[in-house]
file start-v1.cif (mmCIF, C-alpha atoms)
data_my_file
#
loop_
_atom_site.label_atom_id
_atom_site.label_comp_id
_atom_site.auth_asym_id
_atom_site.auth_seq_id
_atom_site.Cartn_x
_atom_site.Cartn_y
_atom_site.Cartn_z
CA MET A 166 0.00 0.00 0.00
CA LYS A 167 1.39 3.39 -0.89
CA GLN A 168 2.22 5.52 2.10
CA ASP A 169 2.15 8.69 0.08
CA ARG A 170 -1.23 9.72 -1.24
CA GLN A 171 -1.82 12.56 -3.63
CA LEU A 172 -5.06 14.45 -3.79
CA ARG A 173 -5.72 17.50 -5.88
CA GLU A 174 -8.01 20.06 -4.30
CA GLY A 175 -8.16 23.49 -5.89
CA GLY A 176 -4.57 23.22 -7.07
CA TRP A 177 -3.27 21.81 -3.77
CA ILE A 178 -1.53 18.45 -3.70
CA LYS A 179 -1.86 16.55 -0.49
CA ARG A 180 1.44 14.84 0.18
CA MET A 181 2.33 12.44 2.87
CA ARG A 182 -0.65 12.53 5.22
CA GLN A 183 0.29 10.94 8.54
CA PRO A 184 -2.36 10.40 11.23
CA ILE A 185 -1.54 12.13 14.47
CA SER A 186 -3.20 9.81 16.05
CA THR A 187 -9.85 22.43 42.59
CA ARG A 188 -9.12 25.49 42.86
CA GLU A 189 -10.61 28.60 44.43
CA THR A 190 -10.61 31.96 42.74
CA THR A 191 -10.85 35.32 44.42
CA PRO A 192 -13.09 38.02 42.99
CA GLY A 193 -11.41 39.95 40.18
CA ARG A 194 -10.60 43.61 40.30
CA HIS A 195 -14.00 44.32 38.77
CA GLY A 196 -15.89 42.18 41.30
CA LYS A 197 -17.62 40.44 38.41
CA LYS A 198 -18.43 37.15 40.09
CA PRO A 199 -17.75 35.24 43.29
CA ALA A 200 -15.21 32.51 43.88
CA ARG A 201 -16.19 28.93 43.23
CA VAL A 202 -14.67 25.46 43.12
CA PHE A 203 -14.87 23.68 39.77
CA GLY A 204 -14.08 20.28 41.27
CA GLY A 205 -17.63 20.11 42.58
CA ASP A 206 -19.33 21.52 39.49
CA PHE A 207 -21.32 18.52 38.32
CA ASP A 208 -23.74 20.52 36.17
CA ALA A 209 -21.14 21.25 33.48
CA ASP A 210 -21.39 19.26 30.27
CA TYR A 211 -17.81 20.10 29.24
CA ASP A 212 -14.63 21.09 30.98
CA VAL A 213 -13.30 23.34 28.21
CA LEU A 214 -14.92 24.82 25.11
CA CYS A 215 -12.33 26.02 22.60
CA ILE A 216 -13.06 28.49 19.80
CA GLY A 217 -10.58 28.96 17.00
CA ASN A 218 -9.49 28.70 13.41
CA ALA A 219 -9.95 25.18 12.05
CA ILE A 220 -6.74 24.79 10.06
CA VAL A 221 -4.93 21.89 8.44
CA ASP A 222 -1.20 22.35 9.07
CA ILE A 223 1.34 21.47 6.38
CA ILE A 224 4.70 21.28 8.14
CA ALA A 225 8.14 21.22 6.52
CA GLN A 226 11.67 21.75 7.77
CA CYS A 227 13.85 24.47 6.23
CA ASP A 228 16.96 26.53 6.88
CA GLU A 229 17.23 30.21 7.78
CA ALA A 230 18.14 31.11 4.20
CA PHE A 231 14.79 29.77 2.98
CA LEU A 232 12.91 32.17 5.27
CA GLU A 233 15.01 35.12 4.10
CA THR A 234 14.73 34.24 0.41
CA ASN A 235 10.96 33.92 0.63
CA GLY A 236 10.34 36.94 2.84
CA ILE A 237 8.92 34.89 5.73
CA ILE A 238 8.91 36.56 9.16
CA LYS A 239 10.39 34.11 11.65
CA ARG A 240 8.27 33.02 14.64
CA ALA A 241 5.26 34.94 13.35
CA MET A 242 1.88 33.90 11.98
CA ASN A 243 1.75 35.55 8.55
CA LEU A 244 -1.69 35.83 6.92
CA ILE A 245 -1.45 35.14 3.19
CA ASP A 246 -3.72 35.10 0.15
CA THR A 247 -4.31 32.30 -2.34
CA ARG A 248 -1.50 33.33 -4.72
CA ARG A 249 1.07 33.52 -1.91
CA ALA A 250 -0.14 30.18 -0.55
CA GLU A 251 0.34 28.50 -3.91
CA LEU A 252 3.84 29.98 -4.29
CA LEU A 253 5.08 28.88 -0.87
CA TYR A 254 3.51 25.46 -1.25
CA SER A 255 5.33 24.94 -4.54
CA ARG A 256 8.65 25.71 -2.82
CA MET A 257 8.14 23.47 0.22
CA GLY A 258 10.20 20.38 0.75
CA PRO A 259 8.72 17.08 1.99
CA ALA A 260 5.83 17.93 4.31
CA ILE A 261 3.73 16.35 7.02
CA GLU A 262 0.05 17.20 7.11
CA ALA A 263 -1.87 17.32 10.38
CA SER A 264 -5.05 18.91 11.64
CA GLY A 265 -4.10 21.95 13.69
CA GLY A 266 -5.22 25.45 14.55
CA SER A 267 -4.29 26.87 17.95
CA ALA A 268 -7.54 26.34 19.88
CA GLY A 269 -8.18 23.03 18.13
CA ASN A 270 -4.80 21.82 19.39
CA THR A 271 -5.77 22.89 22.91
CA ALA A 272 -9.08 21.01 22.68
CA ALA A 273 -7.25 17.87 21.53
CA GLY A 274 -4.83 18.24 24.44
CA VAL A 275 -7.63 18.58 27.00
CA ALA A 276 -9.24 15.42 25.61
CA SER A 277 -5.92 13.56 25.75
CA PHE A 278 -5.70 14.40 29.46
CA GLY A 279 -9.13 12.78 29.88
CA GLY A 280 -11.08 16.01 29.97
CA ARG A 281 -14.36 16.79 28.23
CA ALA A 282 -13.59 19.17 25.38
CA ALA A 283 -15.69 20.87 22.71
CA PHE A 284 -14.70 23.05 19.76
CA PHE A 285 -16.24 25.76 17.58
CA GLY A 286 -14.48 26.30 14.26
CA LYS A 287 -15.44 26.60 10.59
CA VAL A 288 -14.37 24.23 7.83
CA SER A 289 -15.72 23.83 4.31
CA ASN A 290 -17.46 20.72 3.02
CA ASP A 291 -14.36 19.68 1.08
CA ALA A 292 -11.75 16.97 1.51
CA LEU A 293 -9.61 18.90 3.97
CA GLY A 294 -12.72 19.81 5.97
CA GLU A 295 -13.63 16.15 6.26
CA ILE A 296 -10.09 15.34 7.34
CA TYR A 297 -10.16 18.03 10.00
CA ALA A 298 -13.50 16.89 11.40
CA HIS A 299 -12.41 13.26 11.42
CA ASP A 300 -9.18 14.01 13.27
CA ILE A 301 -10.72 16.15 16.01
CA HIS A 302 -13.59 13.68 16.55
CA ALA A 303 -11.07 10.81 16.72
CA GLN A 304 -9.29 12.63 19.53
CA GLY A 305 -12.48 12.78 21.58
CA VAL A 306 -13.52 16.39 21.00
CA ALA A 307 -17.16 17.39 20.45
CA PHE A 308 -17.19 19.29 17.13
CA ASP A 309 -20.55 20.03 15.54
CA THR A 310 -20.07 23.35 13.73
CA THR A 311 -21.97 23.21 10.43
CA PRO A 312 -19.46 23.12 7.54
CA LEU A 313 -19.51 25.82 4.90
CA LYS A 314 -20.98 24.85 1.54
CA GLY A 315 -18.77 25.90 -1.34
CA GLU A 316 -16.06 28.56 -1.32
CA PRO A 317 -13.79 29.47 0.33
CA PRO A 318 -12.09 26.13 1.02
CA THR A 319 -10.91 24.82 4.38
CA ALA A 320 -8.01 26.79 5.84
CA ARG A 321 -4.45 25.57 5.71
CA SER A 322 -1.19 26.82 7.21
CA MET A 323 2.26 26.18 5.82
CA ILE A 324 4.62 25.96 8.76
CA PHE A 325 8.36 26.14 8.20
CA VAL A 326 10.49 24.76 11.02
CA THR A 327 14.11 25.89 11.25
CA PRO A 328 16.91 23.82 12.89
CA ASP A 329 16.42 25.66 16.20
CA GLY A 330 12.87 24.26 16.37
CA GLU A 331 11.20 27.64 15.82
CA ARG A 332 8.15 27.69 13.58
CA SER A 333 7.11 30.36 11.10
CA MET A 334 3.50 30.11 9.99
CA ASN A 335 1.96 31.23 6.73
CA THR A 336 -1.78 30.88 6.94
CA TYR A 337 -4.54 31.01 4.35
CA LEU A 338 -7.67 31.40 6.49
CA GLY A 339 -10.20 30.23 3.89
CA ALA A 340 -13.41 29.04 5.53
CA CYS A 341 -12.25 30.19 8.98
CA VAL A 342 -13.36 33.75 8.30
CA GLU A 343 -16.96 32.57 7.93
CA LEU A 344 -17.31 31.62 11.61
CA GLY A 345 -20.07 33.80 13.01
CA PRO A 346 -22.74 34.17 15.72
CA GLU A 347 -24.95 31.60 14.00
CA ASP A 348 -22.29 28.98 14.81
CA VAL A 349 -22.51 29.54 18.57
CA GLU A 350 -24.14 26.52 20.21
CA ALA A 351 -25.77 27.92 23.31
CA ASP A 352 -25.78 24.63 25.21
CA LYS A 353 -22.01 24.27 24.84
CA ALA A 354 -21.36 27.95 25.57
CA SER A 355 -23.26 27.82 28.84
CA GLY A 356 -22.35 24.22 29.64
CA ALA A 357 -18.53 24.43 29.65
CA LYS A 358 -16.62 25.31 32.83
CA VAL A 359 -14.19 27.46 30.86
CA THR A 360 -14.41 28.85 27.32
CA TYR A 361 -11.04 29.41 25.64
CA PHE A 362 -10.46 31.31 22.41
CA GLU A 363 -7.43 32.29 20.37
CA GLY A 364 -6.40 35.88 19.68
CA TYR A 365 -6.00 34.97 16.01
CA LEU A 366 -9.80 34.93 15.78
CA TRP A 367 -9.85 38.69 16.25
CA ASP A 368 -8.87 39.06 12.57
CA PRO A 369 -12.22 37.98 11.04
CA PRO A 370 -14.90 40.52 12.17
CA ARG A 371 -17.81 38.09 12.52
CA ALA A 372 -15.76 35.81 14.73
CA LYS A 373 -15.54 38.67 17.26
CA GLU A 374 -19.33 38.66 17.44
CA ALA A 375 -19.34 34.90 17.99
CA ILE A 376 -16.78 35.18 20.79
CA ARG A 377 -18.61 38.00 22.56
CA GLN A 378 -21.88 36.10 22.31
CA THR A 379 -20.26 32.94 23.72
CA ALA A 380 -18.65 34.91 26.55
CA MET A 381 -22.00 36.47 27.45
CA LEU A 382 -23.66 33.04 27.60
CA ALA A 383 -20.78 31.59 29.59
CA HIS A 384 -20.75 34.36 32.19
CA ALA A 385 -24.55 34.26 32.49
CA ALA A 386 -24.18 30.60 33.45
CA GLY A 387 -21.49 31.39 36.02
CA ARG A 388 -18.63 30.09 33.88
CA GLU A 389 -15.28 31.66 33.02
CA VAL A 390 -13.67 32.81 29.77
CA SER A 391 -10.02 32.61 28.78
CA MET A 392 -7.95 33.62 25.78
CA THR A 393 -4.46 33.29 24.37
CA LEU A 394 -2.78 36.37 22.92
CA SER A 395 -1.55 34.04 20.13
CA ASP A 396 1.20 36.12 18.51
CA SER A 397 3.11 39.37 19.03
CA PHE A 398 2.00 40.68 15.66
CA CYS A 399 -1.60 39.82 16.54
CA VAL A 400 -1.17 41.81 19.75
CA ASP A 401 0.18 44.77 17.76
CA ARG A 402 -2.95 44.77 15.62
CA TYR A 403 -5.44 44.54 18.48
CA ARG A 404 -3.67 45.81 21.61
CA ASP A 405 -6.43 48.17 22.71
CA GLU A 406 -9.17 45.63 22.08
CA PHE A 407 -7.34 42.87 23.97
CA LEU A 408 -6.80 45.17 26.94
CA GLU A 409 -10.48 46.11 26.86
CA LEU A 410 -11.46 42.43 26.92
CA MET A 411 -9.35 41.92 30.03
CA ARG A 412 -10.20 45.11 31.88
CA SER A 413 -13.93 44.84 31.23
CA GLY A 414 -14.01 41.32 32.66
CA THR A 415 -15.00 39.72 29.35
CA VAL A 416 -11.86 37.59 29.74
CA ASP A 417 -10.90 36.12 33.11
CA ILE A 418 -7.78 34.09 32.26
CA VAL A 419 -5.03 35.08 29.82
CA PHE A 420 -2.32 32.90 28.27
CA ALA A 421 0.71 34.52 26.66
CA ASN A 422 4.41 34.10 26.10
CA SER A 423 7.05 36.62 27.15
CA HIS A 424 7.19 38.29 23.71
CA GLU A 425 3.42 38.73 23.57
CA ILE A 426 3.04 40.18 27.06
CA LYS A 427 5.82 42.71 26.44
CA SER A 428 4.17 43.66 23.17
CA LEU A 429 0.82 44.06 24.96
CA TYR A 430 2.24 46.62 27.37
CA GLN A 431 4.80 48.07 24.95
CA THR A 432 7.73 47.49 27.24
CA ALA A 433 11.08 45.70 27.00
CA SER A 434 10.81 44.67 30.65
CA PHE A 435 9.19 41.31 31.39
CA ASP A 436 8.78 42.20 35.09
CA GLU A 437 7.01 45.43 34.22
CA ALA A 438 4.64 43.64 31.85
CA LEU A 439 3.93 40.97 34.46
CA ALA A 440 3.11 43.64 37.04
CA GLN A 441 0.66 45.21 34.61
CA ILE A 442 -1.15 42.04 33.58
CA ARG A 443 -1.76 40.91 37.16
CA LYS A 444 -3.83 44.10 37.53
CA ASP A 445 -5.78 43.57 34.33
CA CYS A 446 -7.08 40.00 34.59
CA ARG A 447 -7.97 37.45 37.20
CA ILE A 448 -5.28 34.94 36.22
CA ALA A 449 -2.40 35.17 33.74
CA ALA A 450 -0.15 32.27 32.72
CA VAL A 451 2.97 33.44 30.88
CA THR A 452 5.35 30.97 29.23
CA ARG A 453 9.09 31.67 28.89
CA SER A 454 10.40 28.79 26.74
CA GLU A 455 13.28 27.03 28.54
CA LYS A 456 12.76 29.30 31.58
CA GLY A 457 9.41 27.67 32.25
CA SER A 458 6.40 29.81 33.04
CA VAL A 459 5.00 32.25 35.59
CA ILE A 460 1.39 32.28 36.80
CA VAL A 461 -0.05 35.29 38.60
CA ARG A 462 -3.37 35.70 40.40
CA GLY A 463 -3.82 38.86 42.44
CA ASP A 464 -0.79 39.08 44.72
CA GLU A 465 0.02 35.38 44.21
CA THR A 466 2.94 34.35 41.98
CA VAL A 467 3.71 30.75 41.01
CA VAL A 468 6.89 29.90 39.11
CA ILE A 469 6.81 26.73 37.00
CA LYS A 470 9.92 24.90 35.77
CA ALA A 471 10.18 23.83 32.14
CA THR A 472 9.96 20.10 31.50
CA ALA A 473 13.34 18.58 30.69
CA ILE A 474 13.52 17.38 27.08
CA LYS A 475 15.91 15.20 25.11
CA GLU A 476 15.76 17.15 21.85
CA LEU A 477 13.90 20.22 20.61
CA ILE A 478 12.27 19.28 17.30
CA ASP A 479 9.41 21.69 16.62
CA THR A 480 7.84 24.36 18.83
CA THR A 481 4.54 24.26 16.92
CA GLY A 482 1.73 23.80 19.43
CA ALA A 483 3.81 24.40 22.58
CA GLY A 484 1.64 27.23 23.87
CA ASP A 485 -1.54 25.44 22.81
CA LEU A 486 -0.63 22.33 24.78
CA TYR A 487 0.50 24.36 27.78
CA ALA A 488 -2.99 25.90 27.86
CA ALA A 489 -4.51 22.42 27.55
CA GLY A 490 -2.65 21.09 30.57
CA PHE A 491 -3.32 24.20 32.63
CA LEU A 492 -7.02 24.32 31.82
CA HIS A 493 -7.51 20.63 32.44
CA GLY A 494 -5.99 20.90 35.88
CA TYR A 495 -7.87 24.14 36.54
CA THR A 496 -11.26 22.69 35.66
CA GLN A 497 -10.56 19.68 37.88
CA GLY A 498 -9.97 21.94 40.87
CA ARG A 499 -6.19 21.63 41.08
CA ASP A 500 -3.94 24.33 42.55
CA LEU A 501 -2.03 26.69 40.27
CA GLN A 502 1.26 24.85 40.78
CA THR A 503 -0.24 21.60 39.49
CA CYS A 504 -2.02 23.39 36.65
CA GLY A 505 1.29 24.89 35.55
CA ASP A 506 3.12 21.59 35.89
CA LEU A 507 0.52 19.89 33.70
CA GLY A 508 0.89 22.63 31.12
CA SER A 509 4.67 22.39 31.20
CA LEU A 510 4.51 18.61 30.78
CA ALA A 511 2.26 18.80 27.73
CA ALA A 512 4.32 21.56 26.11
CA GLY A 513 7.54 19.66 26.75
CA LEU A 514 6.19 16.55 25.07
CA VAL A 515 4.82 18.24 21.94
CA ILE A 516 8.04 20.13 21.14
CA GLN A 517 9.86 16.82 20.85
CA GLN A 518 7.83 15.80 17.80
CA ILE A 519 6.78 17.17 14.45
CA GLY A 520 3.18 18.35 14.58
CA PRO A 521 1.04 20.29 17.06
CA ARG A 522 -1.13 17.59 18.62
CA PRO A 523 -0.06 15.07 21.25
CA ARG A 524 0.83 11.60 20.06
CA GLN A 525 1.11 10.29 23.62
CA ASN A 526 -1.79 9.80 25.99
CA LEU A 527 -1.34 12.86 28.18
CA ARG A 528 -3.29 11.42 31.09
CA ARG A 529 -0.93 8.46 31.20
CA GLU A 530 2.09 10.75 30.88
CA ALA A 531 0.80 12.89 33.75
CA GLU A 532 0.35 9.84 35.96
CA GLN A 533 3.87 8.65 35.19
CA ALA A 534 5.17 12.11 36.10
CA GLY A 535 3.40 11.95 39.46
CA LEU A 536 0.72 14.44 38.43
CA THR A 537 -2.25 12.14 38.88
CA ILE A 538 -5.59 13.74 38.16
CA PRO A 539 -8.31 12.02 40.20
CA ASP A 540 -11.62 11.24 38.58
CA VAL A 541 -14.37 13.56 39.77
CA GLN A 542 -17.09 11.64 41.58
CA THR A 543 -20.58 12.55 40.41
CA SER A 544 -22.59 10.73 43.04
#
call {"tool": "encode", "arguments": {"input": "start-v1.cif", "output": "C-alpha cells"}}
result
Amino acid sequence: MKQDRQLREGGWIKRMRQPISTRETTPGRHGKKPARVFGGDFDADYDVLCIGNAIVDIIAQCDEAFLETNGIIKRAMNLIDTRRAELLYSRMGPAIEASGGSAGNTAAGVASFGGRAAFFGKVSNDALGEIYAHDIHAQGVAFDTTPLKGEPPTARSMIFVTPDGERSMNTYLGACVELGPEDVEADKASGAKVTYFEGYLWDPPRAKEAIRQTAMLAHAAGREVSMTLSDSFCVDRYRDEFLELMRSGTVDIVFANSHEIKSLYQTASFDEALAQIRKDCRIAAVTRSEKGSVIVRGDETVVIKATAIKELIDTTGAGDLYAAGFLHGYTQGRDLQTCGDLGSLAAGLVIQQIGPRPRQNLRREAEQAGLTIPDVQTS
C-alpha cells in the first residue's frame, strides 16, 4: 500500500498525510463574580470549550536562508492570500500534514488528558474539511459546527520549522473567516466550565461577534472565559481591544508568552509587563520557553519549571498544549502549581515531535510524572 497519497483540491496536492493519532478563585478587580470550586461543578457538560481557526497544518523543515529568500517573518503567523499560498507550497520540501489550529490543538490536548472538550471552528465541506472533522472527533472532542458549503475552502497553514525548532506560519484562512454568531451553540457555551479562544480569531470581524456572544452566555451561566494572545503581531494589531477584553471582565484568564506580554504593554521589561497584567485580569499564565512559566493571580505568583527534554524538534503547538494542561488541571480543581506543571509537561512533550497535537496519551504521561488527576465523583 502506498504511504504517500496525492489528492488535488483546488490546485493543492496533499502529500504524505500521517495520522496524528480544585481550585478557588478570588473576585477579580471588577468584582464580576464570586469565587467557586470547579471540582464540585457537576452541572457542566464540558470542561473546556475552545473556539478557534480550524486549520490543516502542512509542516516542513527548512533553513534560515529559505525564510530570508521567501520573505517569511520568523516566529510569526503571517496571513497570506491564495496566490502567496500556492507559491510557498510549490517551494516546500517534503511535508507532514496534520489537523491543527491553535484552539483546536488545545481542545485535543484537553481530551488527551481525559477532559471533556468541545470546539467551535469553521471548515468547508471539502476533503480537507472532512479530514479536519475526522481528526478532532477521533481525539475525543465534540465538534458540531456546520461546515460551509462551497467557497472558500478549508483553511491551511504552511509551517516552516528551522533547525532551532522555531516555527514560522503562513496561513490562508479560507473558511475560517466565515465563523459567526450563528455557529454559537448555546448549550455548549453555557455548559462548559471554561471557554477558551485564540487571539487569532480577532482578525475575522464576525468571529468577534461569535466570541462576545459565547462569553455572554458563559458568564450568564457562572462560567469563566479565557484567551491566548496568540502572537506578538496579533497583539500589535489589536492591543487596545485585547486590553479592553481583560479590563472589562469579558476575559478572566489570559495565556501569553514573554514576547506577547511585552508587546501588549509596549515594554522591553518582562517584570514590568507581568506587574501590569496581574492588575488587568484574574489569572495570567505566561510561558518563557526554557525558563518555564510564571502564573499570577492577584498578589500570588507561582513559578513553574520547564519540563526537561531530550531534543527540541518543533515548537509548533507548545503554547496550545501548555494551555490544555493548565485548563484541564484548573477545571478539575487543582492548585495553580499543578495546573502549571501539567501545562509544562504537555508543552515539553509536543516540542519533541513534528506536529502540534499530542501523540502520547497525556493522562498516562501525567500519571507517570506523578501528576495524577483524580476522577471527579458525580454521586
call {"tool": "closest_residue", "arguments": {"input": "start-v1.cif", "among": "A:Glu389, A:Glu295, A:Asp368, A:Asp401", "to": "Val213 in chain A", "atoms": "only C-alpha atoms"}}
result
A:Glu389
call {"tool": "closest_residue", "arguments": {"input": "start-v1.cif", "among": "A:Ser264, A:Thr481, A:Thr336, A:Gln533", "to": "Asp300 in chain A", "atoms": "all atoms listed in the file"}}
result
A:Ser264
call {"tool": "closest_residue", "arguments": {"input": "start-v1.cif", "among": "A:Arg462, A:Leu429, A:Ala320, A:Pro328", "to": "Glu406 in chain A", "atoms": "all atoms listed in the file"}}
result
A:Leu429
call {"tool": "residues_around", "arguments": {"input": "start-v1.cif", "residues": "Asn218 in chain A", "least_positions_apart": "4", "cutoff": "7 Å", "atoms": "all atoms listed in the file", "output": "ChimeraX atom specification"}}
result
/A:266,286-287,341,366
call {"tool": "atom_distance", "arguments": {"input": "start-v1.cif", "atom1": "CA of Val306 in chain A", "atom2": "CA of Ala282 in chain A"}}
result
5.2 Å
call {"tool": "atom_distance", "arguments": {"input": "start-v1.cif", "atom1": "CA of Val359 in chain A", "atom2": "CA of Pro312 in chain A"}}
result
24.3 Å
call {"tool": "atom_distance", "arguments": {"input": "start-v1.cif", "atom1": "CA of Asp329 in chain A", "atom2": "CA of Ser454 in chain A"}}
result
12.5 Å
call {"tool": "residues_near_point", "arguments": {"input": "start-v1.cif", "point": "(-12.6, 20.4, 4.5)", "cutoff": "12 Å", "atoms": "only C-alpha atoms", "output": "PyMOL selection string"}}
result
chain A and resi 174-175+219-221+264+286-300+311-321+339-341
call {"tool": "residues_around", "arguments": {"input": "start-v1.cif", "residues": "Glu532 in chain A", "least_positions_apart": "4", "cutoff": "12 Å", "atoms": "all atoms listed in the file", "output": "PyMOL selection string"}}
result
chain A and resi 278-279+507+510+526-528+536-539
